[in-house]
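File shown: data-v4.txt. Contents: compact mmCIF, C-alpha atoms and all ligand atoms.
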```txt
# COMPACT_ATOMS: atom_id res chain seq x y z
CA MET C 248 8.79 -3.99 -34.84
CA GLU C 249 8.67 -0.85 -32.70
CA VAL C 250 8.53 -0.98 -28.90
CA VAL C 251 8.65 1.53 -26.05
CA GLU C 252 11.29 0.49 -23.58
CA LEU C 253 13.32 1.49 -20.56
CA LYS C 254 16.99 1.02 -21.34
CA ASP C 255 20.37 1.79 -19.82
CA GLY C 256 19.08 2.95 -16.44
CA TRP C 257 16.24 4.16 -14.24
CA GLY C 258 14.37 7.42 -14.83
CA LEU C 259 12.10 8.91 -17.47
CA GLU C 260 15.12 10.08 -19.50
CA HIS C 261 15.88 6.39 -20.19
CA VAL C 262 12.45 5.72 -21.76
CA GLY C 263 12.46 5.65 -25.56
CA ILE C 264 11.44 3.92 -28.76
CA GLY C 265 13.32 0.72 -29.58
CA GLU C 266 13.29 -2.00 -32.23
CA ARG C 267 12.85 -5.75 -31.75
CA ASP C 268 12.58 -8.67 -34.16
CA ALA C 269 9.02 -9.95 -34.47
CA ARG C 270 8.62 -13.71 -33.98
CA GLN C 271 5.90 -16.13 -34.99
CA PRO C 272 3.79 -17.74 -32.26
CA GLY C 273 4.84 -21.25 -31.24
CA PRO C 274 2.50 -24.02 -30.05
CA GLY C 275 -0.02 -22.65 -27.54
CA GLU C 276 0.90 -19.04 -28.31
CA VAL C 277 -0.76 -16.17 -30.18
CA ALA C 278 0.58 -13.05 -31.88
CA ILE C 279 -1.34 -9.90 -30.94
CA GLU C 280 -1.24 -6.63 -32.86
CA MET C 281 -1.49 -4.12 -30.03
CA ARG C 282 -4.04 -1.32 -30.59
CA ALA C 283 -4.05 0.58 -27.28
CA VAL C 284 -2.32 0.67 -23.90
CA SER C 285 -3.15 2.30 -20.59
CA LEU C 286 -0.95 3.67 -17.85
CA ASN C 287 -0.89 2.77 -14.20
CA TYR C 288 0.86 4.36 -11.27
CA ARG C 289 3.03 1.24 -11.09
CA ASP C 290 4.55 2.11 -14.50
CA LEU C 291 5.88 5.35 -13.05
CA VAL C 292 7.16 3.50 -9.96
CA PHE C 293 8.91 0.94 -12.19
CA VAL C 294 10.55 3.57 -14.41
CA ARG C 295 11.85 5.35 -11.31
CA GLY C 296 13.41 2.07 -10.11
CA GLY C 297 10.88 1.59 -7.32
CA TYR C 298 10.52 -2.14 -7.94
CA GLY C 299 14.23 -2.66 -7.38
CA PRO C 300 16.38 -4.67 -9.78
CA SER C 301 13.41 -6.62 -11.15
CA GLY C 302 14.92 -8.41 -14.15
CA THR C 303 17.24 -6.79 -16.64
CA LEU C 304 17.07 -3.78 -18.95
CA PRO C 305 16.04 -3.05 -21.62
CA ARG C 306 12.46 -3.78 -20.65
CA ILE C 307 9.37 -3.15 -22.83
CA LEU C 308 7.06 -1.00 -20.71
CA LEU C 309 3.48 -1.28 -19.43
CA SER C 310 1.29 -4.11 -18.25
CA ASP C 311 -2.04 -2.98 -19.68
CA GLY C 312 -3.08 -3.11 -23.31
CA ALA C 313 -5.48 -4.56 -25.83
CA GLY C 314 -4.97 -5.83 -29.34
CA VAL C 315 -6.20 -8.13 -32.06
CA VAL C 316 -5.06 -11.74 -32.40
CA VAL C 317 -3.36 -11.92 -35.82
CA ALA C 318 -1.86 -15.42 -35.69
CA ALA C 319 -2.30 -18.50 -33.53
CA GLY C 320 0.14 -21.38 -33.00
CA ALA C 321 -0.76 -25.05 -32.95
CA GLY C 322 -3.25 -26.16 -30.31
CA VAL C 323 -4.76 -22.75 -29.51
CA SER C 324 -8.51 -22.97 -28.89
CA ARG C 325 -9.26 -20.30 -26.21
CA VAL C 326 -9.20 -17.47 -28.77
CA ALA C 327 -9.25 -17.11 -32.54
CA VAL C 328 -7.62 -14.84 -35.11
CA GLY C 329 -9.56 -11.56 -35.15
CA ASP C 330 -10.48 -11.58 -31.44
CA LEU C 331 -9.86 -8.41 -29.43
CA VAL C 332 -7.97 -9.49 -26.29
CA CYS C 333 -6.06 -8.24 -23.25
CA PRO C 334 -2.98 -9.96 -21.86
CA ILE C 335 -3.32 -10.60 -18.11
CA THR C 336 -0.78 -8.75 -15.96
CA SER C 337 0.84 -11.88 -14.45
CA PRO C 338 0.73 -14.53 -17.18
CA ALA C 339 1.14 -17.52 -14.85
CA TRP C 340 -1.62 -16.45 -12.42
CA LEU C 341 -4.74 -18.15 -13.71
CA THR C 342 -6.66 -18.85 -10.50
CA GLY C 343 -6.42 -18.85 -6.70
CA PRO C 344 -4.43 -16.58 -4.40
CA ILE C 345 -1.18 -14.84 -5.28
CA ARG C 346 1.99 -16.94 -5.07
CA GLU C 347 5.56 -15.72 -4.93
CA GLN C 348 6.41 -17.14 -8.36
CA TYR C 349 3.74 -15.03 -10.12
CA ARG C 350 5.81 -11.97 -9.30
CA ASP C 351 8.57 -13.29 -11.59
CA SER C 352 6.44 -12.71 -14.68
CA MET C 353 4.72 -9.35 -14.09
CA LEU C 354 4.30 -7.66 -17.48
CA GLY C 355 6.25 -4.43 -17.88
CA ILE C 356 8.19 -5.05 -14.65
CA SER C 357 9.85 -8.44 -14.37
CA VAL C 358 9.22 -9.44 -18.02
CA ASP C 359 8.59 -7.42 -21.20
CA GLY C 360 5.31 -5.54 -21.27
CA VAL C 361 2.76 -4.63 -23.91
CA MET C 362 3.87 -1.30 -25.38
CA ALA C 363 4.85 -2.77 -28.73
CA ASP C 364 3.37 -2.96 -32.22
CA ARG C 365 3.04 -6.69 -31.77
CA ILE C 366 3.55 -9.15 -28.93
CA VAL C 367 3.55 -12.94 -28.65
CA ALA C 368 1.72 -14.33 -25.61
CA ASN C 369 0.71 -17.69 -24.19
CA ALA C 370 -2.93 -18.14 -25.20
CA GLU C 371 -3.70 -19.10 -21.57
CA ALA C 372 -2.56 -15.66 -20.45
CA ILE C 373 -5.07 -13.54 -22.38
CA VAL C 374 -8.77 -12.83 -22.08
CA ARG C 375 -11.39 -11.81 -24.65
CA VAL C 376 -12.54 -8.25 -23.85
CA PRO C 377 -16.15 -7.17 -23.15
CA LYS C 378 -18.19 -7.39 -26.35
CA HIS C 379 -19.17 -3.70 -26.31
CA PHE C 380 -15.61 -2.39 -25.72
CA SER C 381 -13.20 -0.69 -28.15
CA ALA C 382 -9.48 -1.46 -27.87
CA ALA C 383 -8.90 1.82 -26.00
CA GLU C 384 -11.61 0.91 -23.48
CA ALA C 385 -10.33 -2.64 -23.09
CA ALA C 386 -6.78 -1.40 -22.46
CA THR C 387 -7.98 0.16 -19.18
CA LEU C 388 -8.91 -3.17 -17.60
CA PRO C 389 -6.02 -5.52 -16.67
CA CYS C 390 -4.56 -3.82 -13.60
CA ALA C 391 -6.85 -1.11 -12.19
CA ALA C 392 -10.21 -2.70 -12.95
CA VAL C 393 -9.26 -6.22 -11.83
CA THR C 394 -7.85 -4.78 -8.59
CA ALA C 395 -11.02 -2.81 -7.89
CA TRP C 396 -13.17 -5.83 -8.73
CA ASN C 397 -11.21 -8.11 -6.40
CA ALA C 398 -11.36 -5.61 -3.55
CA LEU C 399 -15.17 -5.61 -3.78
CA VAL C 400 -15.40 -9.39 -4.20
CA MET C 401 -13.05 -10.09 -1.28
CA ALA C 402 -15.12 -7.78 0.94
CA GLY C 403 -18.35 -9.48 -0.18
CA THR C 404 -19.84 -6.14 -1.25
CA LYS C 405 -23.61 -6.29 -1.69
CA SER C 406 -26.61 -4.07 -2.20
CA GLY C 407 -27.01 -1.57 0.63
CA ASP C 408 -23.34 -1.55 1.63
CA LEU C 409 -21.45 1.70 2.04
CA VAL C 410 -18.18 1.87 0.10
CA VAL C 411 -15.57 4.64 0.28
CA THR C 412 -13.30 5.20 -2.70
CA GLN C 413 -10.24 7.43 -2.41
CA GLY C 414 -9.36 9.85 -5.19
CA THR C 415 -10.47 9.69 -8.80
CA GLY C 416 -7.77 7.58 -10.43
CA GLY C 417 -8.13 4.32 -12.30
CA VAL C 418 -8.70 1.90 -9.41
CA SER C 419 -11.08 4.17 -7.52
CA LEU C 420 -13.37 5.03 -10.43
CA PHE C 421 -13.69 1.37 -11.37
CA ALA C 422 -14.51 0.62 -7.72
CA LEU C 423 -17.14 3.37 -7.82
CA GLN C 424 -18.76 1.92 -10.93
CA PHE C 425 -18.68 -1.69 -9.75
CA ALA C 426 -19.97 -0.80 -6.28
CA ARG C 427 -22.87 1.21 -7.72
CA ALA C 428 -23.74 -1.63 -10.08
CA LEU C 429 -23.79 -3.98 -7.05
CA GLY C 430 -26.28 -1.64 -5.37
CA ALA C 431 -23.90 -0.13 -2.83
CA THR C 432 -23.83 3.50 -1.73
CA VAL C 433 -20.53 5.17 -2.60
CA VAL C 434 -18.67 8.02 -0.92
CA VAL C 435 -15.78 9.45 -2.94
CA THR C 436 -12.88 11.47 -1.56
CA SER C 437 -10.90 13.80 -3.82
CA SER C 438 -8.59 16.79 -3.68
CA SER C 439 -10.73 18.57 -6.28
CA GLU C 440 -14.31 19.92 -6.10
CA GLU C 441 -14.63 19.55 -9.86
CA LYS C 442 -13.62 15.90 -9.72
CA LEU C 443 -16.04 15.31 -6.84
CA GLN C 444 -18.82 16.70 -9.01
CA ARG C 445 -17.85 14.40 -11.85
CA ALA C 446 -17.83 11.43 -9.45
CA ARG C 447 -21.32 12.40 -8.24
CA ALA C 448 -22.46 12.50 -11.85
CA MET C 449 -21.24 8.89 -12.11
CA GLY C 450 -23.45 7.86 -9.20
CA ALA C 451 -21.47 8.58 -6.03
CA GLN C 452 -23.93 9.73 -3.38
CA LEU C 453 -21.44 11.78 -1.34
CA GLY C 454 -18.10 13.48 -1.89
CA ILE C 455 -15.55 14.72 0.62
CA ASN C 456 -12.60 16.94 -0.26
CA TYR C 457 -9.75 15.28 1.65
CA GLN C 458 -7.60 18.40 1.41
CA ARG C 459 -10.22 20.69 2.89
CA VAL C 460 -11.32 18.04 5.38
CA PRO C 461 -8.16 16.16 6.47
CA GLU C 462 -10.21 14.28 9.12
CA TRP C 463 -12.47 12.89 6.41
CA GLY C 464 -12.87 9.56 8.22
CA LYS C 465 -14.54 11.32 11.13
CA GLU C 466 -16.57 13.43 8.70
CA LEU C 467 -17.80 10.32 6.91
CA ARG C 468 -19.08 8.91 10.17
CA ARG C 469 -20.86 12.18 10.94
CA LEU C 470 -22.41 12.33 7.47
CA THR C 471 -23.60 8.73 7.73
CA GLY C 472 -25.09 9.17 11.21
CA GLY C 473 -22.27 7.19 12.84
CA ARG C 474 -22.75 4.19 10.56
CA GLY C 475 -19.29 4.04 9.01
CA ALA C 476 -18.30 2.26 5.82
CA ASP C 477 -18.44 -1.45 5.08
CA LEU C 478 -15.43 -1.13 2.78
CA VAL C 479 -12.73 1.47 2.16
CA ILE C 480 -10.77 1.26 -1.09
CA GLU C 481 -7.44 2.34 0.40
CA VAL C 482 -5.10 3.66 -2.31
CA GLY C 483 -3.53 6.54 -0.38
CA GLY C 484 -1.29 4.54 1.96
CA ALA C 485 0.60 6.18 4.82
CA GLN C 486 -1.43 9.39 5.06
CA THR C 487 -4.87 7.96 4.41
CA LEU C 488 -4.78 4.71 6.38
CA PRO C 489 -5.47 6.38 9.76
CA GLN C 490 -8.58 8.04 8.29
CA SER C 491 -9.65 4.81 6.61
CA LEU C 492 -9.54 3.10 10.01
CA ARG C 493 -11.79 5.89 11.35
CA ALA C 494 -14.16 5.63 8.41
CA VAL C 495 -14.77 1.88 8.46
CA ARG C 496 -17.49 0.33 10.64
CA ALA C 497 -16.80 -2.32 13.29
CA GLY C 498 -16.21 -5.59 11.42
CA GLY C 499 -15.72 -3.74 8.13
CA THR C 500 -12.91 -4.08 5.58
CA VAL C 501 -10.10 -1.79 4.52
CA ALA C 502 -8.79 -3.00 1.15
CA LEU C 503 -5.06 -2.20 1.16
CA ILE C 504 -4.25 -1.42 -2.45
CA GLY C 505 -1.98 1.59 -2.92
CA VAL C 506 0.71 3.68 -1.34
CA LEU C 507 0.30 7.02 -3.12
CA SER C 508 1.25 9.04 -0.01
CA GLY C 509 3.91 6.66 1.30
CA GLY C 510 4.44 3.00 2.05
CA VAL C 511 5.23 3.07 5.77
CA ALA C 512 2.24 3.76 7.99
CA GLU C 513 1.54 4.01 11.69
CA LEU C 514 -1.27 1.64 12.57
CA GLU C 515 -3.76 2.16 15.41
CA LEU C 516 -3.65 -1.51 16.38
CA GLY C 517 -5.99 -1.09 19.36
CA ARG C 518 -8.70 0.18 17.06
CA VAL C 519 -8.12 -2.58 14.51
CA VAL C 520 -8.38 -5.28 17.17
CA THR C 521 -11.22 -3.92 19.29
CA GLN C 522 -13.33 -3.03 16.23
CA GLY C 523 -12.59 -6.36 14.54
CA LEU C 524 -11.43 -4.59 11.36
CA ARG C 525 -10.32 -6.62 8.38
CA LEU C 526 -7.23 -5.30 6.60
CA GLN C 527 -7.33 -7.08 3.26
CA ALA C 528 -4.38 -6.64 0.90
CA VAL C 529 -5.36 -6.77 -2.76
CA THR C 530 -2.81 -7.50 -5.50
CA ILE C 531 -4.56 -7.27 -8.87
CA GLY C 532 -5.95 -10.79 -9.37
CA PRO C 533 -5.91 -13.98 -11.42
CA ARG C 534 -7.32 -14.64 -14.90
CA ASP C 535 -10.55 -16.13 -13.62
CA SER C 536 -11.29 -12.94 -11.64
CA PHE C 537 -10.63 -10.92 -14.81
CA GLU C 538 -13.12 -13.10 -16.71
CA ALA C 539 -15.75 -12.84 -13.96
CA MET C 540 -15.33 -9.06 -14.05
CA ILE C 541 -15.77 -8.99 -17.82
CA ALA C 542 -19.04 -10.91 -17.48
CA PHE C 543 -20.20 -8.37 -14.86
CA ILE C 544 -19.19 -5.43 -17.09
CA GLU C 545 -21.18 -6.92 -19.98
CA GLN C 546 -24.19 -7.68 -17.76
CA HIS C 547 -24.29 -4.08 -16.47
CA ASN C 548 -23.21 -2.47 -19.76
CA LEU C 549 -20.44 -0.53 -18.01
CA LYS C 550 -17.83 1.62 -19.76
CA PRO C 551 -14.52 2.78 -18.31
CA VAL C 552 -13.72 6.43 -17.64
CA ILE C 553 -10.90 7.58 -19.93
CA ASP C 554 -9.20 10.90 -19.29
CA GLU C 555 -9.52 13.41 -22.14
CA ARG C 556 -5.73 13.93 -22.37
CA GLN C 557 -4.43 12.35 -25.59
CA PHE C 558 -0.89 11.09 -26.04
CA SER C 559 0.85 9.40 -28.96
CA PRO C 560 3.55 6.72 -28.46
CA PRO C 561 6.45 9.22 -28.94
CA GLU C 562 4.94 11.25 -26.07
CA ILE C 563 5.28 8.34 -23.66
CA ARG C 564 7.57 10.22 -21.27
CA ALA C 565 5.01 13.01 -20.87
CA ALA C 566 2.26 10.44 -20.42
CA ILE C 567 4.13 8.62 -17.65
CA ALA C 568 4.98 11.93 -15.97
CA THR C 569 1.29 12.91 -16.10
CA ILE C 570 0.28 9.92 -13.99
CA GLY C 571 2.51 11.26 -11.21
CA GLU C 572 0.88 14.70 -11.33
CA GLY C 573 -2.51 13.28 -10.35
CA ARG C 574 -4.54 15.73 -12.49
CA HIS C 575 -6.16 12.99 -14.56
CA PHE C 576 -9.67 11.60 -14.02
CA GLY C 577 -9.90 7.86 -14.64
CA LYS C 578 -7.50 6.13 -17.00
CA LEU C 579 -4.80 7.54 -19.26
CA VAL C 580 -4.86 5.67 -22.57
CA ILE C 581 -2.57 5.74 -25.60
CA GLU C 582 -3.86 4.46 -28.93
CA LEU C 583 -1.13 2.80 -30.98
N1 LIG P 1 -2.39 -3.60 -5.15
C1 LIG P 1 -2.56 -3.60 -6.48
O1 LIG P 1 -2.66 -4.65 -7.09
C2 LIG P 1 -2.67 -2.32 -7.20
C3 LIG P 1 -3.27 -2.27 -8.47
C4 LIG P 1 -3.43 -1.03 -9.08
C5 LIG P 1 -2.98 0.12 -8.44
N2 LIG P 1 -2.38 0.02 -7.23
C6 LIG P 1 -1.92 1.20 -6.51
O2 LIG P 1 -3.07 1.95 -6.14
C7 LIG P 1 -2.77 3.33 -6.19
C8 LIG P 1 -3.74 4.00 -7.14
O3 LIG P 1 -3.53 3.48 -8.43
P1 LIG P 1 -4.26 4.13 -9.68
O4 LIG P 1 -3.72 3.43 -10.87
O5 LIG P 1 -5.71 4.20 -9.46
O6 LIG P 1 -3.63 5.59 -9.61
P2 LIG P 1 -4.00 6.88 -10.39
O7 LIG P 1 -4.90 6.59 -11.54
O8 LIG P 1 -2.73 7.59 -10.63
O9 LIG P 1 -4.88 7.70 -9.31
C9 LIG P 1 -4.32 8.47 -8.34
C10 LIG P 1 -5.40 9.36 -7.71
O10 LIG P 1 -5.44 9.10 -6.32
C11 LIG P 1 -5.74 10.28 -5.62
N3 LIG P 1 -4.72 10.52 -4.60
C12 LIG P 1 -3.44 10.87 -4.73
N4 LIG P 1 -2.86 11.04 -3.53
C13 LIG P 1 -3.84 10.80 -2.63
C14 LIG P 1 -3.89 10.85 -1.22
N5 LIG P 1 -2.84 11.18 -0.49
N6 LIG P 1 -5.07 10.56 -0.64
C15 LIG P 1 -6.16 10.22 -1.35
N7 LIG P 1 -6.16 10.18 -2.69
C16 LIG P 1 -5.01 10.46 -3.31
C17 LIG P 1 -5.77 11.42 -6.62
O11 LIG P 1 -7.15 11.68 -6.88
P3 LIG P 1 -7.77 13.17 -6.75
O12 LIG P 1 -7.06 13.98 -7.78
O13 LIG P 1 -9.21 12.97 -7.01
O14 LIG P 1 -7.48 13.64 -5.36
C18 LIG P 1 -5.08 10.82 -7.84
O15 LIG P 1 -5.56 11.33 -9.04
C19 LIG P 1 -1.30 3.42 -6.57
O16 LIG P 1 -0.53 3.48 -5.41
C20 LIG P 1 -1.05 2.12 -7.30
O17 LIG P 1 0.30 1.74 -7.30
C21 LIG P 1 -2.21 -1.17 -6.60
```
Please express what this file holds, its structure, as structure tokens.
Amino acid sequence: MEVVELKDGWGLEHVGIGERDARQPGPGEVAIEMRAVSLNYRDLVFVRGGYGPSGTLPRILLSDGAGVVVAAGAGVSRVAVGDLVCPITSPAWLTGPIREQYRDSMLGISVDGVMADRIVANAEAIVRVPKHFSAAEAATLPCAAVTAWNALVMAGTKSGDLVVTQGTGGVSLFALQFARALGATVVVTSSSEEKLQRARAMGAQLGINYQRVPEWGKELRRLTGGRGADLVIEVGGAQTLPQSLRAVRAGGTVALIGVLSGGVAELELGRVVTQGLRLQAVTIGPRDSFEAMIAFIEQHNLKPVIDERQFSPPEIRAAIATIGEGRHFGKLVIEL
């Protein structure tokens, strides 16, 4: 079977098509014919060697994908042949908070990922996708959507809250959709006026161009009459954290998710302490969060935002490079 793998070293030039023997599922396992995958910023970080020597090469790439169960081993009852499913990003993480050992089995990083014609997975480590989703739509969910969902759940987001989402990538647009469905008001930041308009069309009530208004945290307070946000979806990291701390209300939450502008930040500790701010790290989430999110998606009939750029598997290098350019809107998907 064909796979897309990183072999012989770090860097996009080491990404290519490879061959592996297909195996039959053993007891408790299923074979999945993969139909679509989606890209995350972490895939670019991994290819560049940013996760350090996490396991050995070659490594089959990507954590996020969806496919059809084509065979089931003895004792499998969670899913059936013919079901459209997604593998979860950390197969051992079924419930509860993150534990160190879950990091040893992160798909596409510490173990082989999903960019293959066919994979074999533990039936416990997959979920049935929303009933109204295609494979391409389902492939957007495992990392970005679950992270956005958990950020909102951990902050206890409810109707009437004010949520700030940064940029218009995968995590942030899912956060926008979920927050709106929960009845929250959403303010989006973006580097692009056109993207801000698209985010408004999706239900965001306000948009701030963070390049034109570098002090967007202060601006958000002004625009909201000094109220401040209940939750900031913080994906920018070093350069955005100071503004996030300005934007959030006393007692509010900054969900620490990404490090797009750098991973070492200066922290205004006095403000954090005196305002009683909650800095809540979010690391994707367990299977039961994924399933709760799927129920919510079905209940609210939501659909993911997929960028119009189309790539085929042989164009994988260009697709991974594109995620670093930041021109996309929503998720980059490759149909297999
Ligand atoms: N903790 C976790 O479990 C977890 C899970 C998923 C992702 N992440 C991390 O979260 C971040 C976002 O992931 P993603 O998959 O959503 O990425 P993505 O789809 O590549 O989105 C990136 C978008 O963020 C915006 N952006 C870039 N630099 C920015 C900056 N300095 N300030 C504000 N916005 C900026 C840009 O939007 P505009 O073009 O609109 O400006 C860009 O398109 C990454 O760092 C990723 O590694 C973490």
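One distance worth recording is that between atom CA of C:Ile307 and atom CA of C:Asp351, which is 15.2 Å.
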Among the residues C:Ile373, C:Met248, C:Ala327, C:Leu443, the one that comes closest to ligand LIG 1 (chain P) [using all atoms listed in the file]: C:Leu443
Atomic separation - atom O14 of ligand LIG 1 (chain P) relative to atom CA of C:Arg445, Å: 12.3 Å
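Our summary of the geometry notes that atom CA of C:Tyr457 is positioned 9.6 Å from atom CA of C:Val435.
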Close residues, C:Asn287 itself excluded, 10 Å, all atoms listed in the file, min 2 positions apart in chain, as a list in words: Ser285, Arg289, Asp290, Leu291, Val292, Leu309, Ser310, Asp311, Thr387, Cys390, Ala391, Gly416, Gly417, Val418, Ile567, Ile570, Gly571, Lys578, Leu579 and Val580 of chain C
Near C:Ala422, counting only C-alpha atoms, which residues have an atom at most 12 Å away, once you skip same-chain residues fewer than 6 positions from it, shown as a short mmCIF file (atom, residue, chain, number, x, y, z; two decimals) with C-alpha atoms, in the frame of the given file?
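Generated file (part.cif):
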```
data_model
loop_
_atom_site.label_atom_id
_atom_site.label_comp_id
_atom_site.auth_asym_id
_atom_site.auth_seq_id
_atom_site.Cartn_x
_atom_site.Cartn_y
_atom_site.Cartn_z
CA LEU C 388 -8.91 -3.17 -17.60
CA ALA C 391 -6.85 -1.11 -12.19
CA ALA C 392 -10.21 -2.70 -12.95
CA VAL C 393 -9.26 -6.22 -11.83
CA THR C 394 -7.85 -4.78 -8.59
CA ALA C 395 -11.02 -2.81 -7.89
CA TRP C 396 -13.17 -5.83 -8.73
CA ASN C 397 -11.21 -8.11 -6.40
CA ALA C 398 -11.36 -5.61 -3.55
CA LEU C 399 -15.17 -5.61 -3.78
CA VAL C 400 -15.40 -9.39 -4.20
CA THR C 404 -19.84 -6.14 -1.25
CA VAL C 410 -18.18 1.87 0.10
CA VAL C 411 -15.57 4.64 0.28
CA THR C 412 -13.30 5.20 -2.70
CA GLN C 413 -10.24 7.43 -2.41
CA GLY C 414 -9.36 9.85 -5.19
CA THR C 415 -10.47 9.69 -8.80
CA GLY C 416 -7.77 7.58 -10.43
CA ALA C 428 -23.74 -1.63 -10.08
CA LEU C 429 -23.79 -3.98 -7.05
CA ALA C 431 -23.90 -0.13 -2.83
CA THR C 432 -23.83 3.50 -1.73
CA VAL C 433 -20.53 5.17 -2.60
CA VAL C 434 -18.67 8.02 -0.92
CA VAL C 435 -15.78 9.45 -2.94
CA ALA C 446 -17.83 11.43 -9.45
CA MET C 449 -21.24 8.89 -12.11
CA GLY C 450 -23.45 7.86 -9.20
CA ALA C 451 -21.47 8.58 -6.03
CA LEU C 478 -15.43 -1.13 2.78
CA VAL C 479 -12.73 1.47 2.16
CA ILE C 480 -10.77 1.26 -1.09
CA GLU C 481 -7.44 2.34 0.40
CA VAL C 482 -5.10 3.66 -2.31
CA ALA C 502 -8.79 -3.00 1.15
CA ILE C 504 -4.25 -1.42 -2.45
CA MET C 540 -15.33 -9.06 -14.05
CA LEU C 549 -20.44 -0.53 -18.01
CA PRO C 551 -14.52 2.78 -18.31
CA VAL C 552 -13.72 6.43 -17.64
CA GLY C 577 -9.90 7.86 -14.64
#
```
Find the axis-aligned box for stretch 372-387 of chain C, covering all its listed atoms and adding 3 Å on each side, and write its centre and edge lengths in Å to one decimal as AutoDock Vina command-line options.
```
--center_x -10.9 --center_y -6.9 --center_z -23.7 --size_x 22.6 --size_y 23.5 --size_z 15.0
```
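Residue neighbourhood of stretch 294-298 of chain C, excluding near-sequence residues (fewer than 4 positions): C:Leu253, C:Trp257, C:Gly258, C:Leu259, C:Val262, C:Asp290, C:Ile356, at 8 Å, using all atoms listed in the file.
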Non-local contacts of C:Val520 (10 Å; all atoms listed in the file; under 5 positions in same chain excluded) as a PyMOL selection string: chain C and resi 497-498+515+525
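Of the residues under consideration (C:Pro377, C:Pro305, C:Gly360, C:Pro334), C:Pro377 shows the shortest atom-to-atom contact distance to C:Phe543 when counting all atoms listed in the file.
With all atoms listed in the file taken into account, the protein and nucleic acid residues at most 6 Å from stretch 267-279 of chain C (excluding it and anything under 6 positions from it in its own chain) are Met248, Gly314, Val315, Val316, Val317, Ala318, Ala319, Gly320, Ala321, Gly322, Val323, Arg365, Ile366, Val367, Ala368, Asn369 and Ala370 of chain C.
When all atoms listed in the file are used to measure the gap to ligand LIG 1 (chain P), the shortest distance among C:Ser406, C:Thr521, C:Thr569, C:Ser437 belongs to C:Ser437.
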